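Student: For reference, this is input.txt, and it has compact mmCIF, C-alpha atoms and all ligand atoms.
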# COMPACT_ATOMS: atom_id res chain seq x y z
CA MET A 140 -11.68 -11.97 -3.81
CA ILE A 141 -12.73 -13.36 -0.45
CA LEU A 142 -10.65 -14.25 2.58
CA ASN A 143 -12.60 -17.14 4.08
CA ASN A 144 -10.32 -17.87 7.00
CA ILE A 145 -7.16 -16.53 8.54
CA SER A 146 -5.06 -18.23 11.18
CA LEU A 147 -2.13 -16.83 13.10
CA ILE A 148 0.66 -18.34 15.10
CA ASN A 149 2.92 -16.09 17.24
CA PHE A 150 1.82 -13.00 15.38
CA ARG A 151 2.06 -9.80 17.51
CA ASN A 152 -0.05 -10.41 20.64
CA TYR A 153 -1.63 -13.64 19.32
CA ASP A 154 -0.53 -17.17 20.24
CA ASN A 155 -2.65 -19.28 17.99
CA ILE A 156 -6.00 -18.21 16.59
CA SER A 157 -8.21 -19.04 13.64
CA LEU A 158 -10.89 -16.72 12.35
CA ASP A 159 -13.68 -17.45 9.86
CA LEU A 160 -14.75 -14.39 7.90
CA CYS A 161 -17.97 -13.76 6.01
CA ASP A 162 -18.16 -12.47 2.45
CA ASN A 163 -19.45 -9.03 3.37
CA ILE A 164 -18.83 -7.05 6.52
CA ASN A 165 -16.70 -8.31 9.39
CA ILE A 166 -16.39 -6.17 12.48
CA LEU A 167 -13.64 -6.44 15.08
CA ILE A 168 -14.60 -4.71 18.29
CA GLY A 169 -12.48 -4.18 21.40
CA ASP A 170 -10.87 -1.64 23.70
CA ASN A 171 -7.57 0.02 22.87
CA ALA A 172 -4.43 -2.13 22.64
CA GLN A 173 -6.29 -5.46 22.54
CA GLY A 174 -5.18 -6.57 19.06
CA LYS A 175 -7.69 -5.22 16.52
CA THR A 176 -5.19 -3.54 14.24
CA ASN A 177 -2.92 -6.56 14.59
CA ILE A 178 -5.53 -8.67 12.80
CA LEU A 179 -5.83 -6.19 9.93
CA GLU A 180 -2.06 -6.01 9.79
CA SER A 181 -1.82 -9.80 9.51
CA ILE A 182 -4.21 -9.76 6.54
CA TYR A 183 -2.17 -7.01 4.94
CA VAL A 184 1.07 -8.91 5.51
CA LEU A 185 -0.47 -12.04 3.98
CA GLY A 186 -1.08 -10.06 0.78
CA ILE A 187 1.83 -7.62 0.64
CA THR A 188 4.51 -9.60 2.57
CA LYS A 189 5.32 -6.63 4.80
CA SER A 190 3.55 -4.52 7.36
CA HIS A 191 1.75 -1.29 6.57
CA ARG A 192 2.97 0.23 9.84
CA SER A 193 6.31 -1.22 10.83
CA LEU A 194 9.45 -1.15 8.75
CA ILE A 195 11.04 -3.85 10.87
CA ASP A 196 9.67 -7.30 10.08
CA ASN A 197 10.75 -8.79 13.40
CA ASN A 198 8.22 -6.65 15.28
CA LEU A 199 5.58 -8.95 13.81
CA ILE A 200 6.88 -11.93 15.75
CA LYS A 201 5.37 -12.32 19.18
CA ASN A 202 7.75 -11.23 21.94
CA ASN A 203 10.09 -14.04 23.05
CA GLU A 204 9.16 -16.28 20.08
CA SER A 205 11.39 -17.16 17.15
CA PHE A 206 8.95 -17.22 14.25
CA CYS A 207 5.44 -16.29 13.18
CA ARG A 208 3.07 -17.80 10.64
CA ILE A 209 -0.01 -16.44 8.87
CA LYS A 210 -2.22 -18.73 6.85
CA GLY A 211 -5.16 -17.65 4.74
CA LYS A 212 -7.81 -19.45 2.75
CA VAL A 213 -8.67 -17.19 -0.14
CA THR A 214 -11.30 -17.62 -2.83
CA THR A 215 -10.28 -16.02 -6.08
CA ASN A 216 -11.78 -16.71 -9.50
CA LYS A 217 -14.03 -19.25 -7.80
CA THR A 218 -11.11 -21.37 -6.67
CA LEU A 219 -9.78 -21.78 -3.18
CA LYS A 220 -6.14 -20.94 -2.62
CA LYS A 221 -4.10 -21.50 0.48
CA LEU A 222 -1.67 -18.70 1.14
CA GLU A 223 1.01 -18.78 3.78
CA PHE A 224 3.50 -16.29 5.15
CA PHE A 225 6.33 -17.45 7.40
CA LEU A 226 8.83 -15.24 9.17
CA SER A 227 11.71 -16.09 11.48
CA ASN A 228 14.77 -14.16 12.57
CA LYS A 229 16.57 -15.67 9.61
CA GLU A 230 14.10 -15.84 6.75
CA LYS A 231 10.86 -14.79 5.19
CA LYS A 232 8.99 -17.31 3.06
CA VAL A 233 5.67 -17.36 1.22
CA PHE A 234 3.69 -20.28 -0.14
CA ILE A 235 0.73 -20.77 -2.45
CA ASN A 236 -0.99 -24.11 -1.96
CA LYS A 237 2.03 -25.28 0.04
CA ASN A 238 4.46 -24.54 -2.79
CA GLN A 239 7.05 -21.96 -1.92
CA VAL A 240 7.14 -18.90 -4.16
CA LYS A 241 10.81 -17.99 -4.24
CA LYS A 242 10.50 -14.35 -5.26
CA LEU A 243 8.29 -12.23 -3.03
CA THR A 244 7.58 -9.97 -5.99
CA ASP A 245 6.01 -12.92 -7.83
CA TYR A 246 3.73 -13.60 -4.87
CA ILE A 247 2.42 -10.05 -4.36
CA SER A 248 -0.66 -9.30 -6.52
CA LYS A 249 -2.24 -12.70 -5.83
CA PHE A 250 -4.28 -11.32 -2.93
CA ASN A 251 -5.25 -7.68 -3.28
CA ILE A 252 -5.84 -5.34 -0.40
CA ILE A 253 -6.87 -1.77 0.12
CA ILE A 254 -6.25 -0.53 3.62
CA PHE A 255 -7.61 2.60 5.16
CA THR A 256 -6.13 3.84 8.44
CA PRO A 257 -5.95 7.15 10.34
CA ASP A 258 -2.22 7.22 9.45
CA ASP A 259 -3.13 7.63 5.79
CA LEU A 260 -3.13 11.40 6.28
CA GLU A 261 0.62 10.98 5.91
CA LEU A 262 -0.08 10.54 2.20
CA ILE A 263 -0.77 14.26 2.22
CA LYS A 264 1.29 15.51 5.14
CA GLY A 265 4.26 13.18 4.96
CA ALA A 266 7.47 13.20 2.95
CA PRO A 267 7.56 12.20 -0.76
CA ASN A 268 8.86 8.70 0.05
CA VAL A 269 5.49 7.94 1.74
CA ARG A 270 3.73 8.68 -1.54
CA ARG A 271 6.25 6.77 -3.63
CA LYS A 272 5.79 3.76 -1.37
CA PHE A 273 2.03 4.03 -1.83
CA LEU A 274 2.38 4.14 -5.63
CA ASN A 275 4.76 1.19 -5.62
CA ILE A 276 2.55 -1.03 -3.47
CA GLU A 277 -0.66 -0.22 -5.31
CA ILE A 278 0.80 -0.50 -8.81
CA GLY A 279 2.71 -3.59 -7.72
CA GLN A 280 -0.51 -5.27 -6.60
CA LEU A 281 -1.85 -4.82 -10.11
CA ASP A 282 1.35 -5.65 -12.00
CA ASN A 283 4.11 -7.62 -10.36
CA LYS A 284 6.47 -7.03 -13.25
CA TYR A 285 6.49 -3.44 -11.99
CA LEU A 286 7.91 -4.62 -8.66
CA ASN A 287 10.60 -6.71 -10.32
CA ILE A 288 11.64 -3.77 -12.46
CA LEU A 289 11.58 -1.44 -9.47
CA ASN A 290 14.01 -3.79 -7.69
CA ASP A 291 16.28 -3.79 -10.74
CA TYR A 292 16.09 -0.02 -10.90
CA ASN A 293 17.04 0.38 -7.24
CA LYS A 294 20.02 -1.96 -7.63
CA LEU A 295 21.23 -0.11 -10.71
CA LEU A 296 20.79 3.20 -8.96
CA LYS A 297 22.98 2.02 -6.10
CA THR A 298 25.62 0.78 -8.54
CA ARG A 299 25.56 4.05 -10.44
CA ASN A 300 25.92 6.11 -7.24
CA GLU A 301 28.84 3.97 -6.11
CA TYR A 302 30.46 4.31 -9.50
CA LEU A 303 30.09 8.10 -9.40
CA LYS A 304 32.07 8.04 -6.16
CA ARG A 305 34.77 5.84 -7.69
CA LEU A 306 35.13 8.24 -10.60
CA MET A 307 35.37 11.19 -8.23
CA GLU A 308 38.04 9.47 -6.15
CA ASN A 309 39.92 8.63 -9.35
CA LYS A 310 39.64 4.91 -8.61
CA SER A 311 38.30 4.60 -12.12
CA LYS A 312 38.45 6.76 -15.22
CA ASP A 313 36.16 4.75 -17.47
CA THR A 314 33.20 7.06 -18.19
CA LYS A 315 31.98 4.62 -20.87
CA TYR A 316 30.86 2.27 -18.10
CA LEU A 317 28.90 5.14 -16.59
CA SER A 318 27.04 5.64 -19.85
CA ILE A 319 26.24 1.91 -19.98
CA LEU A 320 24.77 2.22 -16.49
CA ASP A 321 22.84 5.30 -17.59
CA ASP A 322 21.23 3.44 -20.47
CA LYS A 323 20.26 0.50 -18.29
CA LEU A 324 18.83 2.80 -15.64
CA ILE A 325 16.80 4.73 -18.22
CA GLU A 326 15.35 1.50 -19.61
CA LYS A 327 14.07 0.50 -16.15
CA ALA A 328 12.93 4.05 -15.38
CA LEU A 329 10.68 4.01 -18.45
CA TYR A 330 8.62 1.10 -17.15
CA ILE A 331 8.26 2.75 -13.74
CA TYR A 332 7.20 6.07 -15.25
CA LYS A 333 4.69 4.30 -17.46
CA GLY A 334 3.17 2.43 -14.49
CA ARG A 335 2.88 5.63 -12.48
CA PHE A 336 1.42 7.72 -15.31
CA ASP A 337 -1.16 5.00 -16.03
CA PHE A 338 -2.15 4.51 -12.40
CA ILE A 339 -2.49 8.23 -11.67
CA LYS A 340 -4.59 8.67 -14.79
CA LYS A 341 -6.90 5.86 -13.69
CA ILE A 342 -7.24 7.49 -10.25
CA ASN A 343 -8.00 10.86 -11.80
CA ASP A 344 -10.73 9.34 -13.96
CA LYS A 345 -12.64 8.51 -10.74
CA LEU A 346 -11.38 10.81 -8.04
CA ASN A 347 -13.32 14.00 -8.62
CA ASN A 348 -16.72 12.31 -8.92
CA ILE A 349 -16.20 10.43 -5.70
CA TYR A 350 -14.95 13.53 -3.92
CA GLU A 351 -18.03 15.41 -5.10
CA ASP A 352 -20.24 12.67 -3.70
CA ILE A 353 -18.55 12.79 -0.32
CA THR A 354 -18.31 16.54 0.17
CA ASN A 355 -20.36 18.63 -2.28
CA GLY A 356 -17.05 20.22 -3.22
CA ASN A 357 -15.24 19.45 -6.41
CA LYS A 358 -12.20 19.89 -8.63
CA LEU A 359 -9.96 17.37 -6.95
CA LEU A 360 -7.14 15.75 -8.83
CA ILE A 361 -3.78 14.21 -8.24
CA GLN A 362 -0.89 15.91 -9.88
CA TYR A 363 2.08 13.72 -10.73
CA GLU A 364 5.34 15.52 -10.07
CA ASN A 365 8.45 14.07 -11.62
CA ASN A 366 11.67 15.98 -11.70
CA LEU A 367 11.99 15.68 -15.46
CA GLY A 368 9.02 18.01 -15.88
CA ILE A 369 7.21 15.55 -18.13
CA GLU A 370 3.43 15.72 -18.30
CA LYS A 371 2.63 12.57 -20.21
CA TYR A 372 4.31 9.28 -20.94
CA ASP A 373 6.37 9.49 -24.12
CA GLU A 374 9.15 6.94 -24.31
CA ASN A 375 11.46 8.70 -26.70
CA TYR A 376 11.03 12.06 -25.06
CA ILE A 377 11.74 10.67 -21.58
CA LYS A 378 14.85 8.88 -22.86
CA LYS A 379 16.11 12.08 -24.43
CA ILE A 380 15.43 14.23 -21.36
CA MET A 381 17.04 11.74 -18.98
CA LYS A 382 20.17 11.54 -21.09
CA GLU A 383 20.37 15.31 -21.21
CA LYS A 384 19.90 15.60 -17.47
CA PHE A 385 22.58 13.01 -16.75
CA LYS A 386 24.97 14.82 -19.06
CA SER A 387 24.38 18.36 -17.87
CA ASN A 388 24.48 17.40 -14.17
CA LEU A 389 27.44 15.07 -14.25
CA ARG A 390 29.84 17.44 -12.53
CA ARG A 391 27.44 18.09 -9.66
CA GLU A 392 26.55 14.40 -9.39
CA LEU A 393 30.22 13.48 -9.15
CA ILE A 394 30.74 15.85 -6.26
CA ILE A 395 27.72 14.56 -4.32
CA GLY A 396 27.98 10.93 -5.47
CA ASN A 397 24.28 10.73 -6.15
CA THR A 398 21.84 10.48 -9.06
CA PHE A 399 19.64 13.56 -9.18
CA PHE A 400 17.03 12.63 -11.78
CA GLY A 401 14.67 9.70 -12.09
CA PRO A 402 11.60 8.01 -10.61
CA HIS A 403 13.30 7.73 -7.20
CA LYS A 404 12.61 11.48 -6.87
CA ASP A 405 8.93 11.30 -7.88
CA ASP A 406 6.09 12.77 -5.90
CA PHE A 407 2.42 13.65 -6.30
CA VAL A 408 0.15 16.26 -4.76
CA PHE A 409 -3.57 16.48 -4.20
CA MET A 410 -4.86 19.60 -5.91
CA LEU A 411 -8.23 20.91 -4.78
CA ASN A 412 -9.46 23.85 -6.85
CA ASN A 413 -5.92 24.15 -8.19
CA LYS A 414 -4.44 24.46 -4.71
CA ASP A 415 -2.21 22.01 -2.89
CA VAL A 416 -4.35 20.38 -0.16
CA LYS A 417 -1.26 19.95 2.00
CA TYR A 418 -1.05 23.71 2.51
CA TYR A 419 -4.58 24.93 1.83
CA GLY A 420 -6.87 22.09 2.87
CA SER A 421 -8.57 21.77 6.23
CA GLN A 422 -8.07 18.57 8.21
CA GLY A 423 -11.56 17.47 7.11
CA GLN A 424 -10.84 18.17 3.46
CA GLN A 425 -7.60 16.23 3.71
CA ARG A 426 -9.44 13.25 5.15
CA SER A 427 -12.02 13.44 2.36
CA CYS A 428 -9.25 13.48 -0.25
CA ILE A 429 -7.78 10.29 1.18
CA LEU A 430 -11.20 8.71 1.38
CA ALA A 431 -11.86 9.57 -2.28
CA LEU A 432 -8.46 8.16 -3.26
CA LYS A 433 -9.04 4.83 -1.56
CA LEU A 434 -12.58 4.48 -2.86
CA SER A 435 -11.33 5.21 -6.40
CA GLU A 436 -8.94 2.33 -6.02
CA ILE A 437 -11.70 -0.23 -5.44
CA ASP A 438 -13.02 0.32 -8.98
CA ILE A 439 -9.56 0.35 -10.49
CA PHE A 440 -8.58 -2.93 -8.84
CA LYS A 441 -11.80 -4.51 -10.02
CA ALA A 442 -11.30 -3.25 -13.57
CA VAL A 443 -7.72 -4.51 -13.77
CA THR A 444 -7.98 -7.85 -11.94
CA GLY A 445 -11.62 -8.70 -12.59
CA GLU A 446 -12.22 -9.07 -8.87
CA ASN A 447 -12.88 -6.80 -5.94
CA PRO A 448 -10.00 -6.28 -3.55
CA ILE A 449 -10.42 -6.81 0.18
CA LEU A 450 -11.06 -3.64 2.11
CA LEU A 451 -9.53 -3.11 5.56
CA LEU A 452 -10.89 -0.16 7.52
CA ASP A 453 -8.94 0.56 10.69
CA ASP A 454 -10.96 2.61 13.15
CA ILE A 455 -11.94 5.19 10.55
CA PHE A 456 -15.58 5.65 11.47
CA SER A 457 -14.78 7.57 14.66
CA GLU A 458 -13.42 10.42 12.58
CA LEU A 459 -16.12 10.72 9.94
CA ASP A 460 -19.44 12.51 10.02
CA ASP A 461 -22.65 10.65 9.12
CA LYS A 462 -22.68 11.86 5.55
CA LYS A 463 -19.23 10.47 4.88
CA LYS A 464 -20.05 7.24 6.67
CA ASN A 465 -23.09 6.79 4.43
CA ASN A 466 -21.01 7.45 1.40
CA ILE A 467 -18.51 4.79 2.33
CA ILE A 468 -21.35 2.36 2.80
CA LYS A 469 -22.61 3.21 -0.67
CA TYR A 470 -19.23 2.31 -2.14
CA ILE A 471 -18.77 -0.87 -0.14
CA ASP A 472 -21.29 -2.69 -2.23
CA LYS A 473 -22.25 -6.21 -1.36
CA ASP A 474 -19.38 -7.74 -3.31
CA VAL A 475 -16.53 -6.07 -1.44
CA GLN A 476 -15.43 -8.06 1.55
CA THR A 477 -14.67 -5.58 4.31
CA ILE A 478 -13.04 -5.91 7.70
CA ILE A 479 -13.66 -3.04 10.08
CA THR A 480 -12.18 -2.33 13.51
CA THR A 481 -13.87 -0.18 16.12
CA THR A 482 -13.89 0.45 19.85
CA ASP A 483 -17.58 1.23 19.79
CA LEU A 484 -20.32 -0.52 17.82
CA ASN A 485 -22.42 2.66 17.99
CA GLN A 486 -20.06 4.21 15.48
CA ILE A 487 -21.00 1.63 12.90
CA ASN A 488 -24.03 2.34 10.81
CA GLU A 489 -26.86 -0.12 11.37
CA LYS A 490 -26.99 -0.98 7.71
CA LEU A 491 -23.50 -2.42 8.02
CA LEU A 492 -24.37 -4.55 11.02
CA GLU A 493 -27.03 -6.52 9.14
CA GLY A 494 -25.68 -9.95 8.36
CA SER A 495 -22.18 -9.06 9.47
CA TYR A 496 -19.83 -11.18 11.56
CA ILE A 497 -18.86 -9.48 14.79
CA TYR A 498 -15.82 -10.53 16.77
CA LYS A 499 -14.94 -9.28 20.22
CA ILE A 500 -11.21 -8.96 20.87
CA GLU A 501 -9.68 -8.94 24.30
CA ASP A 502 -5.98 -9.21 24.98
CA GLY A 503 -5.19 -11.45 22.04
CA HIS A 504 -8.32 -13.58 22.41
CA ILE A 505 -11.15 -13.56 19.93
CA GLU A 506 -14.75 -14.58 20.28
CA ARG A 507 -17.62 -14.41 17.81
CA GLN A 508 -20.57 -12.38 19.09
CA VAL A 509 -24.01 -13.33 18.01
CA VAL A 510 -26.39 -10.37 17.87
N1 LIG B 601 5.56 -8.41 18.81
C1 LIG B 601 4.63 -8.31 19.76
N2 LIG B 601 4.52 -9.25 20.75
C2 LIG B 601 3.57 -9.16 21.70
N3 LIG B 601 2.66 -8.17 21.76
C3 LIG B 601 2.72 -7.21 20.83
C4 LIG B 601 3.70 -7.23 19.78
N4 LIG B 601 3.50 -6.16 18.99
C5 LIG B 601 2.47 -5.49 19.52
N5 LIG B 601 1.99 -6.11 20.62
C6 LIG B 601 0.86 -5.69 21.47
O1 LIG B 601 -0.32 -5.62 20.70
C7 LIG B 601 -1.16 -4.64 21.29
C8 LIG B 601 -1.60 -3.63 20.26
O2 LIG B 601 -2.47 -4.22 19.42
P1 LIG B 601 -3.24 -3.37 18.33
O3 LIG B 601 -2.39 -2.33 17.74
O4 LIG B 601 -3.86 -4.38 17.45
O5 LIG B 601 -4.32 -2.67 19.27
P2 LIG B 601 -5.77 -2.14 18.88
O6 LIG B 601 -6.77 -3.09 19.44
O7 LIG B 601 -5.83 -1.84 17.44
O8 LIG B 601 -5.79 -0.80 19.74
P3 LIG B 601 -6.29 0.67 19.36
O9 LIG B 601 -7.76 0.68 19.55
O10 LIG B 601 -5.61 1.50 20.40
O11 LIG B 601 -5.85 0.97 17.99
C9 LIG B 601 -0.37 -3.88 22.32
O12 LIG B 601 -0.79 -4.26 23.58
C10 LIG B 601 1.04 -4.29 22.03
O13 LIG B 601 1.83 -4.29 23.18
MG MG B 602 -5.70 -0.09 16.37
What does the file become when written as C-alpha cells?
Tutor:
Amino acid sequence: MILNNISLINFRNYDNISLDLCDNINILIGDNAQGKTNILESIYVLGITKSHRSLIDNNLIKNNESFCRIKGKVTTNKTLKKLEFFLSNKEKKVFINKNQVKKLTDYISKFNIIIFTPDDLELIKGAPNVRRKFLNIEIGQLDNKYLNILNDYNKLLKTRNEYLKRLMENKSKDTKYLSILDDKLIEKALYIYKGRFDFIKKINDKLNNIYEDITNGNKLLIQYENNLGIEKYDENYIKKIMKEKFKSNLRRELIIGNTFFGPHKDDFVFMLNNKDVKYYGSQGQQRSCILALKLSEIDIFKAVTGENPILLLDDIFSELDDKKKNNIIKYIDKDVQTIITTTDLNQINEKLLEGSYIYKIEDGHIERQVV
C-alpha cells in the first residue's frame, strides 16, 4: 500500500497543504510544535477515522474553523483510490472515490497503518482499556466484521446493564428477557474472543524472534488475559463458561448494575522470561518490547492483506541506540512506505536518507528539501 499524496484543509495548524510522498522513506523535519506529528496524525485519521492521540474529534479542526478535510491518493493492489475524510461540528463523513461510505466500520481496513510513537509505552504502563483499544484497532484493520460485531456487543452490553438496573429497581420482573440478552451477548463475544486469540497467536509467532534480534535477550511473549480463564478458543466451552458466570454472579451484578464477565474486561501482558515487563522490565526493555510488537505487525498485515501497511514513526529515533535503529532499518524493507518525524536529521541513519523525500516543517508550512 502506498500513500502517493495527502492534502489537508483546516487540519490542526494547517490551512491548506498538499504533500507528495515517495514509495520508501519520507522524513518530516522541524523544531518542536511546528506540525510534524499533525501530519502523521492526519494520515492515521485518513485510515482509522479517529486520532491516535485525541479522544475529541473536534480538536482536529483548526482553531476558529468549522470543518476539516483530509484527502489521500492511495495505491493499493495496483489501483489508485481516492480516500477522503470530512469532519465538521455536526458530522463525520468518509468517501472512497467520491462515494460516501455510510458506516465508518466498513471504511476502516481499506488503508492500513502501523504507528509508532513515544506514547506507545502506555501499552505496557497504561490501563487495560489502552490495550483493548490497541487490539480493536489492529484486528479491525484486518477484519472489519470484527468492528461491526464489537459495536453490536457494546450496544448489547449497555442494554444488559440497564436491564439489570431495572430488575433491581423492580421496574421489571421478566428474567427471561435477561437470558435472551445473555445469549445474544455471548454470540457476539465469541467472535471478539476468536479475533483476539487469533491475533495474539499471530503476534506470538513472530515476537520472540524479533525481540531476540533487537536485544540479544529472549523469551518474550504476549499473554492474553480474559476473565473467563480460557487459554484457547473453544466455542462450546466459552459459551458454557459465560452462561455459568452470568448465572453464578447474577445477584452481585444486580446490586452493581454491571456485567462482570466478557471481552470488555480483557487485557494482555508482555511476559519476558515469564515475568510481567510492566513490573520487572527496565525502561529500555519496555521500549524494545513495543518495538518488537510493532515490527511483528508488519509481517502479519502483509500476510493477511497481501500488502504492506504504511509505517508512521513519530520521533522514535531519539530514544533508540544505534543497534536498535539498525534493526528497525532491517525490518523496514524497501517495500514498506515509511513516514518519519524528527527534530534532527543527525538522528536518522544515513542508509535511510538515500533516495528519501525530506520535508522541512515550520509553523504549518511545508517545503521539500533537496539534499
Ligand atoms: N486545532 C488546532 N488548531 C490550530 N493549531 C493547533 C490545533 N491543534 C494543535 N495545534 C498546534 O499544532 C502544533 C503542534 O503540532 P505537532 O504536535 O505536530 O508538533 P510537532 O512538530 O510534532 O512537535 P514536537 O517535536 O514537539 O513533537 C502546536 O503549536 C499546536 O498549538
Ligand atoms: Mg510531535
Student: Could you list, as a CSV table (one decimal) with C-alpha atoms, in the frame of the given file, all protein and nucleic acid residues with an atom at most 9 Å from ligand MG 602 (chain B), counting all atoms listed in the file?
Tutor:
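Below is the file out18.csv, written as the result:
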chain,number,residue,atom,x,y,z
A,171,ASN,CA,-7.6,0.0,22.9
A,172,ALA,CA,-4.4,-2.1,22.6
A,173,GLN,CA,-6.3,-5.5,22.5
A,174,GLY,CA,-5.2,-6.6,19.1
A,175,LYS,CA,-7.7,-5.2,16.5
A,176,THR,CA,-5.2,-3.5,14.2
A,177,ASN,CA,-2.9,-6.6,14.6
A,179,LEU,CA,-5.8,-6.2,9.9
A,256,THR,CA,-6.1,3.8,8.4
A,453,ASP,CA,-8.9,0.6,10.7
A,454,ASP,CA,-11.0,2.6,13.2
A,480,THR,CA,-12.2,-2.3,13.5
A,481,THR,CA,-13.9,-0.2,16.1
A,482,THR,CA,-13.9,0.4,19.8
Student: What gap, in Å, lies between atom CA of Ile380 of chain A and atom CA of Glu392 of chain A?
Tutor: 16.3 Å
Student: Could you please determine the separation between atom CA of Lys417 of chain A and atom CA of Val269 of chain A in Å, to one decimal place?
Tutor: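 So the answer is 13.8 Å.
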Student: Give me, please, the distance in Å between atom CA of Ile353 of chain A and atom CA of Lys463 of chain A, quoted to one decimal.
Tutor: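 Atom-to-atom, atom CA of Ile353 of chain A to atom CA of Lys463 of chain A, that is 5.7 Å.
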Student: Would you please work out which residue, of A:Gly169, A:Gly356, A:Gly279, A:Pro257, is nearest to ligand LIG 601 (chain B) when using only C-alpha atoms and all ligand atoms?
Tutor: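 Selected residue with least distance to ligand LIG 601 (chain B): A:Gly169.
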Student: Considering only C-alpha atoms and all ligand atoms, state which residue in the set A:Asp483, A:Asp373, A:Glu493, A:Asp415 is at the smallest distance from ligand LIG 601 (chain B).
Tutor: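 Nearest candidate to ligand LIG 601 (chain B) out of A:Asp483, A:Asp373, A:Glu493, A:Asp415: A:Asp483.
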Student: Excluding Glu261 of chain A and its own-chain neighbours fewer than 3 positions away, which residues fall within 12 Å of it when counting all atoms listed in the file? Please give them as a list in words.
Tutor: Arg192, Phe255, Thr256, Pro257, Asp258, Lys264, Gly265, Ala266, Pro267, Asn268, Val269, Arg270, Arg271, Lys272, Phe273, Val408, Lys417, Gln422, Gln425, Arg426, Cys428 and Ile429 of chain A
